[in-house]
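Structure first, then comments.
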Amino acid sequence: MADFMGLMKQAAELKSKMEAMQAELEQVEVDGSAGGGLVTVRLSGKGEMKSVKIDVTLIKPEEKEIVEDLIVAAHADARRKAEALVQEKMKNVAGGLPLPPGLKLF
């Protein structure tokens, strides 16, 4: 019975740590860029897009498709960084245990 109580205590502690990490992720922001920095996208730690910055040299009607592709690439870069950040924080919360494949936190 003591083992069960210890397990319940660990589960409660893990839940508390997860809630704290989720709150922290809302405050963290990561930048992704594409085109050598011509396009930059900022995401929250949960993957919400916060801003897009486009270098003025790209603002030409004939380069519209290039700019659109660079925005998508910058977003993907920022998203990968956000996911890596979440993975690292989860390792800290879970005592170094890796997340199961496919587990999404946002």
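Ligands are numbered from 1 in the order shown, residues from 1 within each chain, and chains are lettered A, B, ... in the order they appear in the structure tokens.
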Exercise for the section: Excluding Val52 of chain A and any residue of its chain fewer than 2 positions from it, enumerate the residues within 10 Å of it, using only C-alpha atoms, and give them as a list in words. Expected result: Asp31, Gly32, Ser33, Val39, Thr40, Val41, Arg42, Leu43, Met49, Lys50, Ile54, Ile71, Ala74 and His75 of chain A
Would you save the residues from that selection as an mmCIF file, in the first residue's frame, using N, CA, C and O atoms?
```
data_model
loop_
_atom_site.group_PDB
_atom_site.id
_atom_site.type_symbol
_atom_site.label_atom_id
_atom_site.label_comp_id
_atom_site.auth_asym_id
_atom_site.auth_seq_id
_atom_site.Cartn_x
_atom_site.Cartn_y
_atom_site.Cartn_z
ATOM 1 N N ASP A 31 12.102 32.075 -32.652
ATOM 2 C CA ASP A 31 12.118 32.659 -33.988
ATOM 3 C C ASP A 31 12.584 31.615 -34.988
ATOM 4 O O ASP A 31 13.511 30.847 -34.715
ATOM 5 N N GLY A 32 11.942 31.603 -36.145
ATOM 6 C CA GLY A 32 12.381 30.792 -37.265
ATOM 7 C C GLY A 32 12.610 31.724 -38.434
ATOM 8 O O GLY A 32 11.937 32.745 -38.561
ATOM 9 N N SER A 33 13.592 31.385 -39.269
ATOM 10 C CA SER A 33 13.873 32.269 -40.395
ATOM 11 C C SER A 33 14.090 31.460 -41.664
ATOM 12 O O SER A 33 14.357 30.263 -41.621
ATOM 13 N N VAL A 39 12.985 36.532 -44.148
ATOM 14 C CA VAL A 39 11.676 36.340 -43.534
ATOM 15 C C VAL A 39 11.887 35.691 -42.175
ATOM 16 O O VAL A 39 12.602 34.706 -42.055
ATOM 17 N N THR A 40 11.259 36.260 -41.144
ATOM 18 C CA THR A 40 11.354 35.723 -39.791
ATOM 19 C C THR A 40 9.947 35.568 -39.226
ATOM 20 O O THR A 40 9.115 36.457 -39.381
ATOM 21 N N VAL A 41 9.715 34.439 -38.584
ATOM 22 C CA VAL A 41 8.431 34.147 -37.957
ATOM 23 C C VAL A 41 8.690 33.900 -36.476
ATOM 24 O O VAL A 41 9.628 33.192 -36.124
ATOM 25 N N ARG A 42 7.877 34.483 -35.619
ATOM 26 C CA ARG A 42 7.983 34.263 -34.171
ATOM 27 C C ARG A 42 6.769 33.463 -33.715
ATOM 28 O O ARG A 42 5.633 33.818 -34.024
ATOM 29 N N LEU A 43 7.040 32.356 -32.975
ATOM 30 C CA LEU A 43 5.987 31.503 -32.432
ATOM 31 C C LEU A 43 6.099 31.441 -30.917
ATOM 32 O O LEU A 43 7.193 31.558 -30.370
ATOM 33 N N MET A 49 1.535 31.494 -33.844
ATOM 34 C CA MET A 49 2.316 32.502 -34.539
ATOM 35 C C MET A 49 2.071 33.868 -33.909
ATOM 36 O O MET A 49 0.936 34.302 -33.768
ATOM 37 N N LYS A 50 3.162 34.526 -33.528
ATOM 38 C CA LYS A 50 3.075 35.828 -32.881
ATOM 39 C C LYS A 50 3.373 36.973 -33.844
ATOM 40 O O LYS A 50 2.789 38.036 -33.737
ATOM 41 N N ILE A 54 9.182 40.688 -42.725
ATOM 42 C CA ILE A 54 9.630 40.495 -44.099
ATOM 43 C C ILE A 54 10.552 41.640 -44.469
ATOM 44 O O ILE A 54 10.182 42.816 -44.329
ATOM 45 N N ILE A 71 7.705 32.495 -46.021
ATOM 46 C CA ILE A 71 6.927 32.559 -44.777
ATOM 47 C C ILE A 71 6.628 31.145 -44.287
ATOM 48 O O ILE A 71 6.788 30.835 -43.100
ATOM 49 N N ALA A 74 9.877 29.703 -42.908
ATOM 50 C CA ALA A 74 10.228 30.308 -41.623
ATOM 51 C C ALA A 74 9.333 29.768 -40.511
ATOM 52 O O ALA A 74 9.796 29.492 -39.402
ATOM 53 N N HIS A 75 8.057 29.599 -40.809
ATOM 54 C CA HIS A 75 7.132 29.043 -39.819
ATOM 55 C C HIS A 75 7.549 27.617 -39.461
ATOM 56 O O HIS A 75 7.566 27.237 -38.284
#
```
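One finds atom CA of Asp77 of chain A at 18.4 Å from atom CA of Glu26 of chain A.
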Handout entry: Neighbour list for Leu38 of chain A as number ranges by chain, cut-off 9 Å, only C-alpha atoms, skip fewer than 5 positions in-chain
Key = A: 33, 53-58, 67, 70
Exercise for the section: Report the residues of chain A whose backbone DSSP state falls under alpha helix (DSSP H), written as JSON, numbers by chain. Expected result: {"A": [2, 3, 4, 5, 6, 7, 8, 9, 10, 11, 12, 13, 14, 15, 16, 17, 18, 19, 20, 21, 22, 23, 24, 25, 26, 27, 64, 65, 66, 67, 68, 69, 70, 71, 72, 73, 74, 75, 76, 77, 78, 79, 80, 81, 82, 83, 84, 85, 86, 87, 88, 89, 90, 91, 92, 93]}
Create the file for the chosen residues now, containing C-alpha atoms and written as a PDB file, in the first residue's frame.
```pdb
ATOM      1  CA  ALA A   2       2.906   2.339   0.727  1.00  0.00           C
ATOM      2  CA  ASP A   3       4.153   1.887  -2.843  1.00  0.00           C
ATOM      3  CA  PHE A   4       0.762   2.909  -4.176  1.00  0.00           C
ATOM      4  CA  MET A   5       0.738   6.044  -2.026  1.00  0.00           C
ATOM      5  CA  GLY A   6       4.239   6.910  -3.210  1.00  0.00           C
ATOM      6  CA  LEU A   7       3.146   6.424  -6.810  1.00  0.00           C
ATOM      7  CA  MET A   8       0.138   8.697  -6.281  1.00  0.00           C
ATOM      8  CA  LYS A   9       2.400  11.368  -4.774  1.00  0.00           C
ATOM      9  CA  GLN A  10       4.747  11.150  -7.782  1.00  0.00           C
ATOM     10  CA  ALA A  11       1.787  11.440 -10.159  1.00  0.00           C
ATOM     11  CA  ALA A  12       0.558  14.567  -8.352  1.00  0.00           C
ATOM     12  CA  GLU A  13       4.045  16.083  -8.502  1.00  0.00           C
ATOM     13  CA  LEU A  14       4.319  15.308 -12.219  1.00  0.00           C
ATOM     14  CA  LYS A  15       0.922  16.894 -12.850  1.00  0.00           C
ATOM     15  CA  SER A  16       2.012  20.020 -11.004  1.00  0.00           C
ATOM     16  CA  LYS A  17       5.248  20.194 -13.006  1.00  0.00           C
ATOM     17  CA  MET A  18       3.344  19.713 -16.280  1.00  0.00           C
ATOM     18  CA  GLU A  19       0.968  22.569 -15.442  1.00  0.00           C
ATOM     19  CA  ALA A  20       3.914  24.838 -14.611  1.00  0.00           C
ATOM     20  CA  MET A  21       5.646  23.878 -17.866  1.00  0.00           C
ATOM     21  CA  GLN A  22       2.487  24.591 -19.892  1.00  0.00           C
ATOM     22  CA  ALA A  23       2.270  28.054 -18.321  1.00  0.00           C
ATOM     23  CA  GLU A  24       5.944  28.658 -19.053  1.00  0.00           C
ATOM     24  CA  LEU A  25       5.512  27.613 -22.695  1.00  0.00           C
ATOM     25  CA  GLU A  26       2.923  30.337 -23.154  1.00  0.00           C
ATOM     26  CA  GLN A  27       5.593  32.899 -22.203  1.00  0.00           C
ATOM     27  CA  LYS A  64       4.862  37.369 -54.170  1.00  0.00           C
ATOM     28  CA  GLU A  65       5.120  33.571 -54.452  1.00  0.00           C
ATOM     29  CA  ILE A  66       8.714  33.602 -53.204  1.00  0.00           C
ATOM     30  CA  VAL A  67       7.691  35.603 -50.123  1.00  0.00           C
ATOM     31  CA  GLU A  68       4.789  33.250 -49.445  1.00  0.00           C
ATOM     32  CA  ASP A  69       7.096  30.208 -49.675  1.00  0.00           C
ATOM     33  CA  LEU A  70       9.624  31.859 -47.367  1.00  0.00           C
ATOM     34  CA  ILE A  71       6.927  32.559 -44.777  1.00  0.00           C
ATOM     35  CA  VAL A  72       5.944  28.887 -44.820  1.00  0.00           C
ATOM     36  CA  ALA A  73       9.620  27.855 -44.479  1.00  0.00           C
ATOM     37  CA  ALA A  74      10.228  30.308 -41.623  1.00  0.00           C
ATOM     38  CA  HIS A  75       7.132  29.043 -39.819  1.00  0.00           C
ATOM     39  CA  ALA A  76       8.334  25.443 -40.200  1.00  0.00           C
ATOM     40  CA  ASP A  77      11.743  26.442 -38.814  1.00  0.00           C
ATOM     41  CA  ALA A  78      10.172  28.146 -35.793  1.00  0.00           C
ATOM     42  CA  ARG A  79       7.810  25.210 -35.231  1.00  0.00           C
ATOM     43  CA  ARG A  80      10.735  22.736 -35.188  1.00  0.00           C
ATOM     44  CA  LYS A  81      12.509  24.930 -32.642  1.00  0.00           C
ATOM     45  CA  ALA A  82       9.387  25.146 -30.490  1.00  0.00           C
ATOM     46  CA  GLU A  83       8.943  21.371 -30.586  1.00  0.00           C
ATOM     47  CA  ALA A  84      12.605  20.855 -29.613  1.00  0.00           C
ATOM     48  CA  LEU A  85      12.118  23.273 -26.718  1.00  0.00           C
ATOM     49  CA  VAL A  86       9.046  21.349 -25.545  1.00  0.00           C
ATOM     50  CA  GLN A  87      10.933  18.051 -25.777  1.00  0.00           C
ATOM     51  CA  GLU A  88      13.792  19.448 -23.691  1.00  0.00           C
ATOM     52  CA  LYS A  89      11.447  20.844 -21.056  1.00  0.00           C
ATOM     53  CA  MET A  90       9.556  17.554 -20.896  1.00  0.00           C
ATOM     54  CA  LYS A  91      12.800  15.678 -20.261  1.00  0.00           C
ATOM     55  CA  ASN A  92      13.425  17.988 -17.310  1.00  0.00           C
ATOM     56  CA  VAL A  93       9.884  17.544 -15.989  1.00  0.00           C
TER      57      VAL A  93
END
```
Practice task
Any chance you could list, as a PyMOL selection string, the residues in chain A that come up strand (DSSP E or B) when DSSP is run on the backbone?
Solution key: chain A and resi 29-34+39-44+49-54
Same residues, N, CA and C atoms, output as an mmCIF file, in the first residue's frame:
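out.cif, freshly written:
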```cif
data_model
loop_
_atom_site.group_PDB
_atom_site.id
_atom_site.type_symbol
_atom_site.label_atom_id
_atom_site.label_comp_id
_atom_site.auth_asym_id
_atom_site.auth_seq_id
_atom_site.Cartn_x
_atom_site.Cartn_y
_atom_site.Cartn_z
ATOM 1 N N GLU A 29 9.081 32.351 -26.456
ATOM 2 C CA GLU A 29 8.916 32.564 -27.893
ATOM 3 C C GLU A 29 10.175 32.116 -28.615
ATOM 4 N N VAL A 30 10.004 31.553 -29.819
ATOM 5 C CA VAL A 30 11.122 31.137 -30.657
ATOM 6 C C VAL A 30 10.968 31.775 -32.023
ATOM 7 N N ASP A 31 12.102 32.075 -32.652
ATOM 8 C CA ASP A 31 12.118 32.659 -33.988
ATOM 9 C C ASP A 31 12.584 31.615 -34.988
ATOM 10 N N GLY A 32 11.942 31.603 -36.145
ATOM 11 C CA GLY A 32 12.381 30.792 -37.265
ATOM 12 C C GLY A 32 12.610 31.724 -38.434
ATOM 13 N N SER A 33 13.592 31.385 -39.269
ATOM 14 C CA SER A 33 13.873 32.269 -40.395
ATOM 15 C C SER A 33 14.090 31.460 -41.664
ATOM 16 N N ALA A 34 13.981 32.158 -42.785
ATOM 17 C CA ALA A 34 14.185 31.552 -44.094
ATOM 18 C C ALA A 34 14.751 32.611 -45.024
ATOM 19 N N VAL A 39 12.985 36.532 -44.148
ATOM 20 C CA VAL A 39 11.676 36.340 -43.534
ATOM 21 C C VAL A 39 11.887 35.691 -42.175
ATOM 22 N N THR A 40 11.259 36.260 -41.144
ATOM 23 C CA THR A 40 11.354 35.723 -39.791
ATOM 24 C C THR A 40 9.947 35.568 -39.226
ATOM 25 N N VAL A 41 9.715 34.439 -38.584
ATOM 26 C CA VAL A 41 8.431 34.147 -37.957
ATOM 27 C C VAL A 41 8.690 33.900 -36.476
ATOM 28 N N ARG A 42 7.877 34.483 -35.619
ATOM 29 C CA ARG A 42 7.983 34.263 -34.171
ATOM 30 C C ARG A 42 6.769 33.463 -33.715
ATOM 31 N N LEU A 43 7.040 32.356 -32.975
ATOM 32 C CA LEU A 43 5.987 31.503 -32.432
ATOM 33 C C LEU A 43 6.099 31.441 -30.917
ATOM 34 N N SER A 44 4.965 31.205 -30.275
ATOM 35 C CA SER A 44 4.993 30.918 -28.838
ATOM 36 C C SER A 44 5.509 29.494 -28.669
ATOM 37 N N MET A 49 1.535 31.494 -33.844
ATOM 38 C CA MET A 49 2.316 32.502 -34.539
ATOM 39 C C MET A 49 2.071 33.868 -33.909
ATOM 40 N N LYS A 50 3.162 34.526 -33.528
ATOM 41 C CA LYS A 50 3.075 35.828 -32.881
ATOM 42 C C LYS A 50 3.373 36.973 -33.844
ATOM 43 N N SER A 51 4.330 36.768 -34.750
ATOM 44 C CA SER A 51 4.650 37.835 -35.691
ATOM 45 C C SER A 51 5.360 37.280 -36.917
ATOM 46 N N VAL A 52 5.332 38.081 -37.988
ATOM 47 C CA VAL A 52 6.039 37.795 -39.226
ATOM 48 C C VAL A 52 6.771 39.071 -39.614
ATOM 49 N N LYS A 53 8.056 38.951 -39.939
ATOM 50 C CA LYS A 53 8.821 40.098 -40.410
ATOM 51 C C LYS A 53 9.392 39.767 -41.781
ATOM 52 N N ILE A 54 9.182 40.688 -42.725
ATOM 53 C CA ILE A 54 9.630 40.495 -44.099
ATOM 54 C C ILE A 54 10.552 41.640 -44.469
#
```
